[in-house]
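The structure under discussion appears below in the form of structure tokens.
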Amino acid sequence: GLLSIYGDTYNTGGDFQTNGAQKGGCFYLDDTDLTVDHLQFFGNHSSFGGSVLYCEFGVVSIRNCWIRRSSTNGYGAVVYQESGTTALRNNVFIESTATIDGSVAYVQGGEIQVVNSTIDGNCSPIGTGAITRAGGDVTLVNNTIVHNNEASCTESVGSALVNADDLSPGEFRLGNNIIAFNGSESVGSNVLGAFVSLGGNLISVVDGGSGFGSNDMLGSIGLSLDPQLGARTSFGGPDVAYYPLLPCSPAIDAGLDLLLTNPPFDGPPFHDQ
């Protein structure tokens, strides 16, 4: 079957609030297709994983959504991907918490794509990544990934992006992303494990991650690369946010044109700079 949910606009109250379940606080999919567009999710919870989405099997599109303060006692505060295909596009993920791992997404299998989104201020108190790959295929393109797993939220050495299984079939691909100011800006704070670079990434401290090359801009411990971001800015509705580039930002005109997926970048949150 196919379920489609469309909102007319962003609102201050939230469209899915404080829902809860063991798996899939808002949506649990098993051989069902889902499209969600222009909605807000606030304060949803899952005891095991996926407070917004637990995808056992299906084809999912979540786009133009504001997702805040999702939580789980387990894995994948917003999305737990067991199998199937999930596309997350033009979304804002902020202030979500996974006690164990994956404060935004935990990918066990299948395929997940995150495009043109802001991932900001999410936390795994005793775990690792904001997005963790334990299997399957993960692709991130044209995202801003900042201030996740900062010292105030984590008891461990938190990371923004983690490839926890580089031996099983599948890859963790990154292209045209800004990845900075995550964790303590130490080994593994931004990226941890083996990745496949599509080019155009700016990573403030790359120590702990591998697979990046000459088409990326990379800082290191003791020589961090500052992307020069402005303050988080509302765009398109309350708390729907992006980080503008300051005039001196090394990220200006630094992305690869082949990876620009939505001209003229009318957001949110990625926009023409």
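Residues in the structure tokens are numbered from 1 in each chain, the chains being A, B, ... in the order shown, and ligands are numbered from 1 in the order shown.
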
Long-range neighbours of Gly193 of chain A as JSON, numbers by chain, 9 Å cut-off, only C-alpha atoms, 5 positions minimum in chain: {"A": [161, 162, 163, 164, 165, 166, 188, 208, 209, 210, 211]}

For the residues in the current selection, export N, CA and C atoms as an mmCIF file, in the first residue's frame.
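Once written, out13.cif looks like this:
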```cif
data_model
loop_
_atom_site.group_PDB
_atom_site.id
_atom_site.type_symbol
_atom_site.label_atom_id
_atom_site.label_comp_id
_atom_site.auth_asym_id
_atom_site.auth_seq_id
_atom_site.Cartn_x
_atom_site.Cartn_y
_atom_site.Cartn_z
ATOM 1 N N LEU A 161 29.271 11.094 12.462
ATOM 2 C CA LEU A 161 28.992 10.054 11.473
ATOM 3 C C LEU A 161 29.886 8.852 11.755
ATOM 4 N N VAL A 162 29.262 7.668 11.830
ATOM 5 C CA VAL A 162 29.998 6.467 12.201
ATOM 6 C C VAL A 162 29.700 5.354 11.206
ATOM 7 N N ASN A 163 30.756 4.787 10.640
ATOM 8 C CA ASN A 163 30.623 3.537 9.899
ATOM 9 C C ASN A 163 31.102 2.425 10.820
ATOM 10 N N ALA A 164 30.139 1.761 11.463
ATOM 11 C CA ALA A 164 30.469 0.757 12.467
ATOM 12 C C ALA A 164 30.739 -0.609 11.863
ATOM 13 N N ASP A 165 30.471 -0.767 10.558
ATOM 14 C CA ASP A 165 30.669 -2.067 9.914
ATOM 15 C C ASP A 165 31.139 -1.843 8.485
ATOM 16 N N ASP A 166 32.460 -1.833 8.286
ATOM 17 C CA ASP A 166 32.988 -1.636 6.937
ATOM 18 C C ASP A 166 33.341 -2.959 6.264
ATOM 19 N N GLY A 188 37.820 11.063 15.664
ATOM 20 C CA GLY A 188 36.511 10.458 15.504
ATOM 21 C C GLY A 188 35.326 11.347 15.820
ATOM 22 N N GLY A 208 40.295 10.081 12.419
ATOM 23 C CA GLY A 208 39.363 9.025 12.787
ATOM 24 C C GLY A 208 38.577 8.484 11.620
ATOM 25 N N GLY A 209 38.539 9.240 10.520
ATOM 26 C CA GLY A 209 37.842 8.805 9.316
ATOM 27 C C GLY A 209 38.815 8.606 8.172
ATOM 28 N N SER A 210 38.460 7.723 7.248
ATOM 29 C CA SER A 210 39.316 7.478 6.086
ATOM 30 C C SER A 210 38.460 7.459 4.831
ATOM 31 N N GLY A 211 39.129 7.554 3.674
ATOM 32 C CA GLY A 211 38.447 7.500 2.390
ATOM 33 C C GLY A 211 38.294 8.842 1.711
#
```

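Neighbouring residues of Val107 of chain A at 9 Å or closer, counting only C-alpha atoms and skipping chain neighbours under 5 positions away, are Gly76, Val79, Tyr80, Gln81, Glu82, Ser83, Gly102, Ile112, Ile131, Thr132, Arg133, Ala134, Gly135, Gly136, Asp137 and Val138 of chain A.
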
Using N, CA, C and O atoms, can you write the selected residues to a file as an mmCIF file, in the first residue's frame?
```cif
data_model
loop_
_atom_site.group_PDB
_atom_site.id
_atom_site.type_symbol
_atom_site.label_atom_id
_atom_site.label_comp_id
_atom_site.auth_asym_id
_atom_site.auth_seq_id
_atom_site.Cartn_x
_atom_site.Cartn_y
_atom_site.Cartn_z
ATOM 1 N N GLY A 76 18.679 4.910 16.898
ATOM 2 C CA GLY A 76 17.963 5.638 15.861
ATOM 3 C C GLY A 76 16.806 6.456 16.404
ATOM 4 O O GLY A 76 15.654 6.054 16.315
ATOM 5 N N VAL A 79 15.066 7.811 12.908
ATOM 6 C CA VAL A 79 14.847 6.725 11.947
ATOM 7 C C VAL A 79 15.649 5.498 12.349
ATOM 8 O O VAL A 79 16.849 5.596 12.626
ATOM 9 N N TYR A 80 14.974 4.346 12.368
ATOM 10 C CA TYR A 80 15.653 3.057 12.446
ATOM 11 C C TYR A 80 15.381 2.348 11.132
ATOM 12 O O TYR A 80 14.232 2.054 10.803
ATOM 13 N N GLN A 81 16.448 2.102 10.384
ATOM 14 C CA GLN A 81 16.327 1.507 9.052
ATOM 15 C C GLN A 81 16.775 0.053 9.126
ATOM 16 O O GLN A 81 17.960 -0.251 9.206
ATOM 17 N N GLU A 82 15.795 -0.870 9.094
ATOM 18 C CA GLU A 82 16.114 -2.295 9.105
ATOM 19 C C GLU A 82 16.295 -2.832 7.694
ATOM 20 O O GLU A 82 17.178 -3.640 7.415
ATOM 21 N N SER A 83 15.427 -2.369 6.794
ATOM 22 C CA SER A 83 15.501 -2.749 5.390
ATOM 23 C C SER A 83 14.710 -1.714 4.604
ATOM 24 O O SER A 83 14.229 -0.729 5.155
ATOM 25 N N GLY A 102 22.980 6.493 17.299
ATOM 26 C CA GLY A 102 22.208 7.025 16.182
ATOM 27 C C GLY A 102 21.162 8.034 16.608
ATOM 28 O O GLY A 102 19.963 7.781 16.525
ATOM 29 N N ILE A 112 19.545 4.254 2.813
ATOM 30 C CA ILE A 112 19.038 5.541 3.277
ATOM 31 C C ILE A 112 19.853 6.654 2.635
ATOM 32 O O ILE A 112 21.071 6.561 2.507
ATOM 33 N N ILE A 131 24.455 9.788 12.927
ATOM 34 C CA ILE A 131 24.039 8.791 11.933
ATOM 35 C C ILE A 131 25.058 7.659 11.980
ATOM 36 O O ILE A 131 26.260 7.878 11.774
ATOM 37 N N THR A 132 24.578 6.460 12.256
ATOM 38 C CA THR A 132 25.448 5.296 12.378
ATOM 39 C C THR A 132 25.043 4.240 11.369
ATOM 40 O O THR A 132 23.866 3.865 11.289
ATOM 41 N N ARG A 133 26.014 3.779 10.604
ATOM 42 C CA ARG A 133 25.797 2.660 9.685
ATOM 43 C C ARG A 133 26.315 1.375 10.319
ATOM 44 O O ARG A 133 27.491 1.235 10.624
ATOM 45 N N ALA A 134 25.398 0.416 10.516
ATOM 46 C CA ALA A 134 25.771 -0.914 10.983
ATOM 47 C C ALA A 134 25.565 -1.940 9.882
ATOM 48 O O ALA A 134 25.724 -3.135 10.104
ATOM 49 N N GLY A 135 25.182 -1.481 8.693
ATOM 50 C CA GLY A 135 24.936 -2.319 7.534
ATOM 51 C C GLY A 135 24.207 -1.509 6.482
ATOM 52 O O GLY A 135 23.816 -0.359 6.710
ATOM 53 N N GLY A 136 24.000 -2.104 5.301
ATOM 54 C CA GLY A 136 23.274 -1.408 4.250
ATOM 55 C C GLY A 136 24.085 -0.300 3.607
ATOM 56 O O GLY A 136 25.309 -0.208 3.770
ATOM 57 N N ASP A 137 23.384 0.583 2.897
ATOM 58 C CA ASP A 137 24.005 1.700 2.179
ATOM 59 C C ASP A 137 23.506 3.021 2.737
ATOM 60 O O ASP A 137 22.291 3.217 2.912
ATOM 61 N N VAL A 138 24.429 3.931 2.981
ATOM 62 C CA VAL A 138 24.111 5.267 3.476
ATOM 63 C C VAL A 138 24.765 6.284 2.555
ATOM 64 O O VAL A 138 25.957 6.179 2.256
#
```

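Across A:Ala130, A:Val146, A:Leu29, A:Ile67, the tightest approach to Thr85 of chain A is made by A:Leu29 when counting only C-alpha atoms.
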
Hey, what's within 9 Å of Phe181 of chain A if we count only C-alpha atoms and toss same-chain stuff fewer than 4 positions away? As a ChimeraX atom specification, please? /A:145-148,150,185,189-190,204-205,226

All residues 6 Å or closer to Val60 of chain A, only C-alpha atoms, same chain fewer than 2 positions away omitted, as JSON, numbers by chain: {"A": [33, 34, 35, 86]}

Exercise: Gln228 of chain A partners within 8 Å, only C-alpha atoms, chain neighbours under 5 positions left out, as a VMD selection string: chain A and resid 245 to 246 248 to 250

Test item: residues at most 7 Å from Gly199 of chain A, only C-alpha atoms, excluding those fewer than 2 positions along its chain, as a PyMOL selection string: chain A and resi 175-176+197+201+215-216+256

Cut-off 12 Å: closest segment 158-208 of chain A/segment 113-119 of chain A atom pairs per residue, using only C-alpha atoms, as a Markdown table:
```
| residue | atom | partner | partner_atom | distance |
| --- | --- | --- | --- | --- |
| A:Ala160 | CA | A:Ile119 | CA | 9.2 |
| A:Leu161 | CA | A:Ile119 | CA | 10.8 |
| A:Glu171 | CA | A:Gln113 | CA | 11.6 |
| A:Phe172 | CA | A:Gln113 | CA | 10.0 |
| A:Arg173 | CA | A:Gln113 | CA | 9.4 |
| A:Leu174 | CA | A:Val114 | CA | 9.8 |
| A:Gly175 | CA | A:Val115 | CA | 9.7 |
| A:Asn176 | CA | A:Asn116 | CA | 9.5 |
| A:Asn177 | CA | A:Asn116 | CA | 8.9 |
| A:Ile178 | CA | A:Thr118 | CA | 9.7 |
| A:Ile179 | CA | A:Ile119 | CA | 9.5 |
| A:Ala180 | CA | A:Ile119 | CA | 10.9 |
| A:Phe181 | CA | A:Ile119 | CA | 11.8 |
| A:Asn182 | CA | A:Ile119 | CA | 10.6 |
```

Deliver the residues from the most recent selection as a file, using all heavy atoms, as a short mmCIF file (atom, residue, chain, number, x, y, z; two decimals), in the first residue's frame.
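The new file again-v5.cif reads:
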```
data_model
loop_
_atom_site.label_atom_id
_atom_site.label_comp_id
_atom_site.auth_asym_id
_atom_site.auth_seq_id
_atom_site.Cartn_x
_atom_site.Cartn_y
_atom_site.Cartn_z
N ALA A 160 29.85 12.39 14.95
CA ALA A 160 28.71 12.78 14.14
C ALA A 160 28.30 11.64 13.21
O ALA A 160 27.14 11.25 13.15
CB ALA A 160 29.03 14.03 13.34
N LEU A 161 29.27 11.09 12.46
CA LEU A 161 28.99 10.05 11.47
C LEU A 161 29.89 8.85 11.76
O LEU A 161 31.11 9.00 11.87
CB LEU A 161 29.26 10.59 10.06
CG LEU A 161 28.54 11.88 9.69
CD1 LEU A 161 28.97 12.34 8.30
CD2 LEU A 161 27.03 11.71 9.76
N GLU A 171 28.03 0.68 1.67
CA GLU A 171 28.99 1.76 1.85
C GLU A 171 28.34 2.93 2.57
O GLU A 171 27.12 3.08 2.60
CB GLU A 171 29.50 2.25 0.49
CG GLU A 171 30.28 1.21 -0.31
CD GLU A 171 30.68 1.71 -1.68
OE1 GLU A 171 29.95 2.56 -2.25
OE2 GLU A 171 31.71 1.24 -2.19
N PHE A 172 29.20 3.78 3.13
CA PHE A 172 28.79 5.06 3.72
C PHE A 172 29.42 6.13 2.84
O PHE A 172 30.62 6.36 2.88
CB PHE A 172 29.28 5.17 5.15
CG PHE A 172 28.55 6.19 5.99
CD1 PHE A 172 28.25 5.93 7.31
CD2 PHE A 172 28.16 7.42 5.46
CE1 PHE A 172 27.57 6.86 8.10
CE2 PHE A 172 27.48 8.36 6.22
CZ PHE A 172 27.19 8.07 7.56
N ARG A 173 28.59 6.80 2.00
CA ARG A 173 29.09 7.75 1.01
C ARG A 173 28.79 9.18 1.45
O ARG A 173 27.70 9.48 1.95
CB ARG A 173 28.43 7.50 -0.35
CG ARG A 173 28.52 6.06 -0.82
CD ARG A 173 27.81 5.87 -2.15
NE ARG A 173 27.65 4.46 -2.49
CZ ARG A 173 26.58 3.73 -2.20
NH1 ARG A 173 25.55 4.29 -1.59
NH2 ARG A 173 26.53 2.45 -2.54
N LEU A 174 29.75 10.07 1.22
CA LEU A 174 29.61 11.47 1.60
C LEU A 174 30.01 12.38 0.45
O LEU A 174 31.06 12.18 -0.16
CB LEU A 174 30.50 11.78 2.81
CG LEU A 174 30.25 11.01 4.10
CD1 LEU A 174 31.30 11.37 5.14
CD2 LEU A 174 28.86 11.30 4.64
N GLY A 175 29.19 13.40 0.15
CA GLY A 175 29.52 14.36 -0.88
C GLY A 175 28.92 15.73 -0.58
O GLY A 175 27.75 15.84 -0.21
N ASN A 176 29.73 16.77 -0.72
CA ASN A 176 29.27 18.17 -0.55
C ASN A 176 28.67 18.43 0.83
O ASN A 176 27.68 19.17 0.95
CB ASN A 176 28.25 18.55 -1.63
CG ASN A 176 28.88 18.98 -2.93
OD1 ASN A 176 30.08 18.80 -3.14
ND2 ASN A 176 28.08 19.52 -3.83
N ASN A 177 29.23 17.84 1.87
CA ASN A 177 28.72 18.07 3.22
C ASN A 177 29.67 18.98 3.99
O ASN A 177 30.89 18.94 3.81
CB ASN A 177 28.61 16.75 3.99
CG ASN A 177 27.65 15.79 3.33
OD1 ASN A 177 26.43 15.98 3.36
ND2 ASN A 177 28.19 14.73 2.75
N ILE A 178 29.12 19.81 4.88
CA ILE A 178 29.89 20.53 5.88
C ILE A 178 29.73 19.78 7.19
O ILE A 178 28.62 19.63 7.70
CB ILE A 178 29.42 21.98 6.03
CG1 ILE A 178 29.68 22.76 4.74
CG2 ILE A 178 30.12 22.66 7.21
CD1 ILE A 178 29.14 24.19 4.75
N ILE A 179 30.86 19.29 7.72
CA ILE A 179 30.85 18.47 8.93
C ILE A 179 31.84 19.10 9.90
O ILE A 179 33.05 19.05 9.69
CB ILE A 179 31.25 17.01 8.62
CG1 ILE A 179 30.38 16.45 7.49
CG2 ILE A 179 31.14 16.14 9.86
CD1 ILE A 179 30.89 15.15 6.89
N ALA A 180 31.33 19.73 10.96
CA ALA A 180 32.21 20.53 11.80
C ALA A 180 31.63 20.71 13.20
O ALA A 180 30.42 20.62 13.40
CB ALA A 180 32.45 21.91 11.18
N PHE A 181 32.54 20.96 14.15
CA PHE A 181 32.17 21.32 15.53
C PHE A 181 31.38 20.21 16.23
O PHE A 181 30.56 20.49 17.11
CB PHE A 181 31.38 22.63 15.56
CG PHE A 181 31.97 23.75 14.76
CD1 PHE A 181 31.19 24.48 13.89
CD2 PHE A 181 33.32 24.06 14.87
CE1 PHE A 181 31.73 25.51 13.14
CE2 PHE A 181 33.87 25.09 14.12
CZ PHE A 181 33.07 25.81 13.26
N ASN A 182 31.58 18.98 15.83
CA ASN A 182 30.91 17.87 16.50
C ASN A 182 31.81 17.30 17.59
O ASN A 182 33.04 17.29 17.46
CB ASN A 182 30.57 16.79 15.47
CG ASN A 182 29.61 17.30 14.42
OD1 ASN A 182 28.43 17.52 14.69
ND2 ASN A 182 30.11 17.51 13.20
#
```

Pick out the residues sitting within 9 Å of Arg232 of chain A, and hand them over as number ranges by chain; count only C-alpha atoms, and ignore anything fewer than 4 positions along from it in its own chain. A: 241-244
